[in-house]
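Next comes target-v4.tsv, with TSV, C-alpha atoms and all ligand atoms.
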```tsv
chain	number	residue	atom	x	y	z
A	1	MET	CA	-10.62	138.47	-21.62
A	2	LEU	CA	-8.19	139.35	-18.87
A	3	VAL	CA	-10.09	137.18	-16.40
A	4	LEU	CA	-10.04	134.28	-18.83
A	5	GLY	CA	-6.30	134.76	-19.28
A	6	ILE	CA	-5.69	134.73	-15.55
A	7	LEU	CA	-7.88	131.66	-15.17
A	8	LEU	CA	-5.98	129.82	-17.89
A	9	ALA	CA	-2.66	130.81	-16.37
A	10	CYS	CA	-3.79	129.63	-12.94
A	11	THR	CA	-5.01	126.32	-14.33
A	12	PHE	CA	-1.75	125.80	-16.16
A	13	LEU	CA	0.28	126.66	-13.05
A	14	PHE	CA	-1.82	124.33	-10.89
A	15	ALA	CA	-1.42	121.47	-13.37
A	16	LEU	CA	2.31	122.07	-13.51
A	17	LEU	CA	2.60	122.08	-9.70
A	18	ALA	CA	0.54	118.90	-9.43
A	19	ALA	CA	2.67	117.14	-12.03
A	20	VAL	CA	5.91	118.25	-10.39
A	21	GLY	CA	4.57	117.34	-6.95
A	22	GLY	CA	3.42	113.93	-8.17
A	23	SER	CA	6.80	113.23	-9.70
A	24	TYR	CA	8.47	114.38	-6.53
A	25	VAL	CA	6.48	111.96	-4.40
A	26	ALA	CA	6.98	109.18	-6.94
A	27	HIS	CA	10.71	109.84	-6.93
A	28	ALA	CA	10.85	109.74	-3.13
A	29	GLU	CA	9.07	106.37	-3.19
A	30	LEU	CA	11.46	105.09	-5.82
A	31	GLN	CA	14.44	106.28	-3.80
A	32	GLN	CA	13.01	104.37	-0.86
A	33	ALA	CA	12.79	101.20	-2.98
A	34	ALA	CA	16.47	101.59	-3.90
A	35	ASP	CA	17.49	102.34	-0.30
A	36	ILE	CA	15.59	99.36	1.09
A	37	ALA	CA	17.21	97.00	-1.43
A	38	ALA	CA	20.68	98.37	-0.62
A	39	ALA	CA	20.15	98.26	3.16
A	40	VAL	CA	18.89	94.67	3.14
A	41	ILE	CA	21.74	93.47	0.91
A	42	GLU	CA	24.30	95.15	3.20
A	43	ARG	CA	22.90	93.41	6.27
A	44	SER	CA	22.30	89.92	4.92
A	45	PRO	CA	25.14	87.84	3.50
A	46	GLY	CA	24.03	85.15	1.09
A	47	ASP	CA	24.00	83.98	-2.48
A	48	ALA	CA	22.90	85.95	-5.52
A	49	PRO	CA	22.91	89.49	-4.06
A	50	ARG	CA	22.14	90.97	-7.49
A	51	GLU	CA	19.00	88.89	-7.90
A	52	ARG	CA	17.93	89.64	-4.35
A	53	ALA	CA	18.44	93.39	-4.83
A	54	ASP	CA	16.37	93.21	-8.00
A	55	ALA	CA	13.52	91.37	-6.26
A	56	LEU	CA	13.56	93.70	-3.25
A	57	ALA	CA	13.39	96.86	-5.35
A	58	ARG	CA	10.55	95.45	-7.46
A	59	ALA	CA	8.65	94.38	-4.35
A	60	ASN	CA	8.88	98.00	-3.21
A	61	GLY	CA	7.47	99.49	-6.38
A	62	ALA	CA	10.23	99.65	-8.97
A	63	ASP	CA	9.14	98.88	-12.55
A	64	GLU	CA	12.62	98.13	-13.73
A	65	VAL	CA	15.90	97.47	-11.91
A	66	ARG	CA	19.50	97.50	-13.05
A	67	VAL	CA	22.17	96.10	-10.76
A	68	ALA	CA	25.86	96.54	-11.57
A	69	GLU	CA	28.88	95.22	-9.71
A	70	LEU	CA	31.51	97.75	-8.69
A	71	ASP	CA	35.02	97.46	-7.23
A	72	GLY	CA	35.53	93.87	-8.37
A	73	GLY	CA	32.16	92.74	-7.11
A	74	SER	CA	32.49	94.05	-3.56
A	75	ARG	CA	29.82	96.74	-4.09
A	76	LEU	CA	26.57	96.94	-5.99
A	77	ARG	CA	25.03	99.93	-7.73
A	78	ILE	CA	21.27	99.55	-7.74
A	79	VAL	CA	19.35	101.72	-10.19
A	80	VAL	CA	15.59	101.56	-9.99
A	81	VAL	CA	13.28	102.94	-12.66
A	82	GLY	CA	9.66	103.91	-12.27
A	83	ARG	CA	7.05	106.09	-13.92
A	84	ALA	CA	5.73	109.44	-12.83
A	85	PRO	CA	1.99	109.40	-12.10
A	86	ALA	CA	-0.57	110.75	-14.54
A	87	ALA	CA	-1.66	114.34	-13.92
A	88	PHE	CA	-4.23	116.47	-15.75
A	89	GLY	CA	-4.34	114.44	-18.90
A	90	MET	CA	-0.59	114.10	-19.12
A	91	ARG	CA	0.27	110.61	-20.17
A	92	ARG	CA	1.62	108.47	-17.35
A	93	GLY	CA	5.07	107.48	-18.36
A	94	ALA	CA	7.80	110.02	-17.65
A	95	ARG	CA	10.69	107.82	-16.60
A	96	ILE	CA	12.17	108.55	-13.20
A	97	GLU	CA	15.22	106.90	-11.71
A	98	ALA	CA	16.80	106.58	-8.29
A	99	GLU	CA	20.00	104.86	-7.27
A	100	ALA	CA	21.61	103.43	-4.16
A	101	PHE	CA	24.86	101.65	-3.37
A	102	ALA	CA	25.40	98.57	-1.25
A	103	THR	CA	28.68	97.22	0.09
A	104	LEU	CA	28.42	93.44	0.11
A	105	PRO	CA	29.00	91.71	3.44
A	106	PRO	CA	31.84	89.16	3.59
A	107	PRO	CA	30.80	85.61	2.64
A	108	VAL	CA	29.50	83.39	5.40
A	109	GLY	CA	32.05	80.93	6.75
A	110	ASP	CA	31.24	77.33	5.90
A	111	GLY	CA	32.66	75.90	9.09
A	112	GLY	CA	34.91	73.54	7.15
A	113	PRO	CA	38.68	73.30	7.34
A	114	ASN	CA	39.08	76.10	4.84
A	115	PRO	CA	38.76	79.80	5.68
A	116	PRO	CA	35.64	81.66	4.51
A	117	GLY	CA	35.44	81.99	0.76
A	118	VAL	CA	37.13	78.67	0.05
A	119	TYR	CA	34.81	76.01	-1.39
A	120	ALA	CA	34.09	73.26	1.13
A	121	GLY	CA	31.40	71.22	-0.65
A	122	PRO	CA	31.74	67.85	-2.39
A	123	LEU	CA	34.46	67.35	-4.98
A	124	GLU	CA	34.67	64.99	-7.95
A	125	VAL	CA	37.74	63.85	-9.80
A	126	VAL	CA	37.80	64.38	-13.57
A	127	ASP	CA	40.90	63.39	-15.53
A	128	GLY	CA	42.92	63.43	-12.31
A	129	VAL	CA	41.90	66.82	-10.91
A	130	ARG	CA	39.18	67.82	-8.43
A	131	VAL	CA	36.27	70.16	-9.14
A	132	CYS	CA	32.75	70.45	-7.75
A	133	PRO	CA	30.10	68.08	-9.24
A	134	THR	CA	28.46	70.78	-11.41
A	135	VAL	CA	31.77	71.64	-13.01
A	136	ALA	CA	32.71	67.96	-13.35
A	137	ALA	CA	29.53	67.33	-15.37
A	138	ALA	CA	30.14	70.38	-17.59
A	139	TYR	CA	33.77	69.38	-18.09
A	140	ARG	CA	32.79	65.83	-19.14
A	141	ARG	CA	30.42	67.24	-21.76
A	142	MET	CA	33.15	69.54	-23.06
A	143	ASP	CA	35.76	66.78	-22.97
A	144	GLY	CA	33.47	64.51	-24.98
A	145	ALA	CA	32.95	67.16	-27.65
A	146	ALA	CA	36.70	67.85	-27.79
A	147	SER	CA	37.45	64.12	-28.26
A	148	ARG	CA	34.99	63.96	-31.16
A	149	ASP	CA	36.96	66.82	-32.74
A	150	GLY	CA	40.24	64.97	-32.18
A	151	ILE	CA	41.35	67.18	-29.26
A	152	THR	CA	42.56	65.67	-25.99
A	153	LEU	CA	42.04	67.81	-22.90
A	154	THR	CA	44.58	67.17	-20.14
A	155	PRO	CA	43.90	69.06	-16.92
A	156	THR	CA	46.90	69.64	-14.67
A	157	SER	CA	45.16	71.33	-11.74
A	158	GLY	CA	41.66	71.88	-10.39
A	159	PHE	CA	40.48	72.69	-6.90
A	160	ARG	CA	43.21	73.68	-4.49
A	161	GLY	CA	42.67	74.03	-0.76
A	162	TYR	CA	44.19	76.84	1.24
A	163	ALA	CA	47.20	74.79	2.38
A	164	GLU	CA	47.89	73.53	-1.15
A	165	GLN	CA	47.80	77.07	-2.50
A	166	ALA	CA	50.11	78.24	0.29
A	167	ALA	CA	52.61	75.52	-0.66
A	168	LEU	CA	52.33	76.40	-4.36
A	169	TYR	CA	52.77	80.09	-3.63
A	170	ALA	CA	55.84	79.33	-1.54
A	171	SER	CA	57.42	77.30	-4.34
A	172	LEU	CA	56.40	79.35	-7.41
A	173	GLY	CA	56.34	82.83	-5.95
A	174	PRO	CA	54.04	85.77	-6.60
A	175	GLY	CA	54.75	85.88	-10.35
A	176	LEU	CA	53.22	82.47	-11.06
A	177	ALA	CA	50.80	81.72	-8.23
A	178	ALA	CA	48.17	83.70	-6.36
A	179	PRO	CA	48.62	84.00	-2.60
A	180	PRO	CA	46.56	81.55	-0.52
A	181	GLY	CA	43.01	82.82	-0.14
A	182	ALA	CA	43.18	84.79	-3.39
A	183	SER	CA	43.23	82.00	-5.98
A	184	ARG	CA	40.18	81.14	-8.01
A	185	HIS	CA	41.27	77.52	-7.70
A	186	HIS	CA	39.73	77.70	-4.21
A	187	ASP	CA	36.29	77.94	-5.87
A	188	ALA	CA	36.35	74.40	-7.37
A	189	THR	CA	35.25	75.96	-10.68
A	190	GLU	CA	38.69	76.29	-12.27
A	191	LEU	CA	40.80	73.97	-14.38
A	192	ASP	CA	44.33	74.42	-15.61
A	193	ILE	CA	44.49	72.52	-18.89
A	194	ASN	CA	47.66	71.63	-20.72
A	195	VAL	CA	47.08	73.62	-23.92
A	196	GLY	CA	50.65	74.36	-24.93
A	197	PRO	CA	51.27	77.87	-26.23
A	198	ALA	CA	48.44	80.31	-26.91
A	199	GLY	CA	46.92	79.64	-30.32
A	200	SER	CA	47.75	75.92	-30.29
A	201	PRO	CA	45.04	73.57	-31.66
A	202	THR	CA	43.91	72.71	-28.11
A	203	HIS	CA	43.84	76.36	-27.04
A	204	SER	CA	42.00	77.39	-30.21
A	205	TRP	CA	39.44	74.63	-29.72
A	206	LEU	CA	38.80	75.77	-26.14
A	207	ARG	CA	38.51	79.40	-27.21
A	208	ASP	CA	35.97	78.46	-29.88
A	209	HIS	CA	33.96	75.89	-27.93
A	210	GLY	CA	34.64	76.39	-24.20
A	211	PRO	CA	32.02	79.14	-23.74
A	212	SER	CA	29.23	76.96	-25.10
A	213	PHE	CA	29.98	74.53	-22.25
A	214	GLY	CA	30.18	77.35	-19.72
A	215	PHE	CA	33.97	77.71	-19.57
A	216	VAL	CA	35.96	80.87	-20.24
A	217	GLN	CA	39.64	81.70	-20.23
A	218	ARG	CA	39.82	83.72	-17.03
A	219	TYR	CA	42.99	85.66	-17.70
A	220	SER	CA	44.23	86.79	-21.10
A	221	TRP	CA	47.81	85.97	-20.07
A	222	GLU	CA	47.02	82.42	-18.89
A	223	PRO	CA	45.89	80.35	-21.91
A	224	TRP	CA	45.81	77.25	-19.68
A	225	HIS	CA	43.40	78.54	-17.03
A	226	TRP	CA	39.69	77.86	-17.73
A	227	GLY	CA	36.91	78.67	-15.31
A	228	TYR	CA	33.27	77.65	-15.15
A	229	VAL	CA	31.32	80.91	-15.10
A	230	ALA	CA	28.05	79.77	-13.51
A	231	GLY	CA	29.78	78.53	-10.37
A	232	CYS	CA	29.30	75.37	-8.32
A	301	ZN	ZN	45.01	78.29	-12.82
```

Here is a file; write its structure as structure tokens.
Amino acid sequence: MLVLGILLACTFLFALLAAVGGSYVAHAELQQAADIAAAVIERSPGDAPRERADALARANGADEVRVAELDGGSRLRIVVVGRAPAAFGMRRGARIEAEAFATLPPPVGDGGPNPPGVYAGPLEVVDGVRVCPTVAAAYRRMDGAASRDGITLTPTSGFRGYAEQAALYASLGPGLAAPPGASRHHDATELDINVGPAGSPTHSWLRDHGPSFGFVQRYSWEPWHWGYVAGC
């Protein structure tokens, strides 16, 4: 009886150690997947860092990946999720997680007349203002829908280059204009639209329908400023 008891205890202990050991190894592998994703993202500037981090972690064994932007998008938190291995009849499936952080490299300069981070691709004119072709197409769809509802959209500003923003900043000051280099109007995704006061028919229409065309009001205190979320 005593021998049987000792045997059972030993078996239990061994199973426990194997399970813990297996999880430990699995966790180390998962941590490696997170670390690799973070290290590659830190060293390679480029588009869609979140998607790339996700793909890298999965390629290195993660079952599930969550990527969150931190510090206004300058850092990523990469959480990878995996499963502990099966051991001694225990169901495979204990969730294990590992995380890593990546500081995003500065955007690659485009070699154009604008400093890095300022859009330098093609521009199209819609209703008198310039935006990139993707945004122009989305705006035309939205403008058409607005017209059918009896709403006239009148943009007053679109893309602004660095020098234009510098001039605007000099004339309007820090209360009304962003400093050159810091304005979203450099992205060619933004439109200032003459909506009148917040809650006006035009503003209400945009609030109700803008998102279905990809546009959102960027700042709660600027009812006129609408940005195309998906980018150029
Ligand atoms: Zn604006």

Would you list the contacts of Pro122 in chain A as a PDB file with C-alpha atoms, in the coordinates of the input, taking every protein, DNA or RNA residue within 9 Å and counting all atoms listed in the file, but skipping same-chain residues closer than 2 positions in sequence?
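File written: out-v4.pdb
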```pdb
ATOM      1  CA  TYR A 119      34.810  76.010  -1.390  1.00  0.00           C
ATOM      2  CA  ALA A 120      34.090  73.260   1.130  1.00  0.00           C
ATOM      3  CA  GLU A 124      34.670  64.990  -7.950  1.00  0.00           C
ATOM      4  CA  VAL A 131      36.270  70.160  -9.140  1.00  0.00           C
ATOM      5  CA  CYS A 132      32.750  70.450  -7.750  1.00  0.00           C
ATOM      6  CA  PRO A 133      30.100  68.080  -9.240  1.00  0.00           C
TER       7      PRO A 133
END
```

>> Hey, which residues sit close to ligand ZN 301 (chain A)? Say within 10 Å, counting only C-alpha atoms and all ligand atoms, and write them as JSON, numbers by chain.
In response: {"A": [156, 157, 158, 159, 160, 176, 177, 178, 183, 184, 185, 190, 191, 192, 193, 217, 218, 219, 222, 223, 224, 225, 226, 227]}

>> Excluding Ala137 in chain A and its own-chain neighbours fewer than 2 positions away, which residues fall within 12 Å of it when counting all atoms listed in the file? Please give them as a count of residues only.
In response: 21

> With all atoms listed in the file as the atoms that count, which of A:Arg207, A:Val118, A:Ala146, A:Ile78 lies nearest to Gln165 in chain A?
Replying inline: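 Closest candidate: A:Val118.
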
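Distances from A:Gly117, A:Leu172, A:Val80, A:Leu206 to His186 in chain A were compared using all atoms listed in the file, and the smallest one belongs to A:Gly117.
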
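Among the candidates A:Val129, A:Ala170, A:Val229, A:Leu30, the one nearest to Ala62 in chain A when counting all atoms listed in the file is A:Leu30.
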
> In Å to one decimal, how far is CA of Glu99 in chain A from CA of Ala34 in chain A?
Replying inline: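 About the pair CA of Ala34 in chain A and CA of Glu99 in chain A: they are 5.9 Å apart.
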
> How far is it from CA of Asn194 in chain A to CA of Ala182 in chain A, in Å with one decimal?
Replying inline: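 If I compute the distance from CA of Asn194 in chain A to CA of Ala182 in chain A, I get 22.2 Å.
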
Find the axis-aligned box for range 132-146 of chain A, covering all its listed atoms and adding 3 Å on each side, and write its centre and edge lengths in Å to one decimal as lines of an AutoDock Vina configuration file.
```
center_x = 32.6
center_y = 68.1
center_z = -17.8
size_x = 14.2
size_y = 13.1
size_z = 26.0
```

>> So the first atom is CA of Trp221 in chain A and the second is CA of Val67 in chain A; what is the distance between them in Å, to one decimal place?
In response: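 Answer for the CA of Trp221 in chain A to CA of Val67 in chain A separation: 29.1 Å.
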
> Restricting the calculation to all atoms listed in the file, which member of A:Gln31, A:Ser74, A:Ser171, A:Ser147 is positioned closest to Gly61 in chain A?
Replying inline: A:Gln31
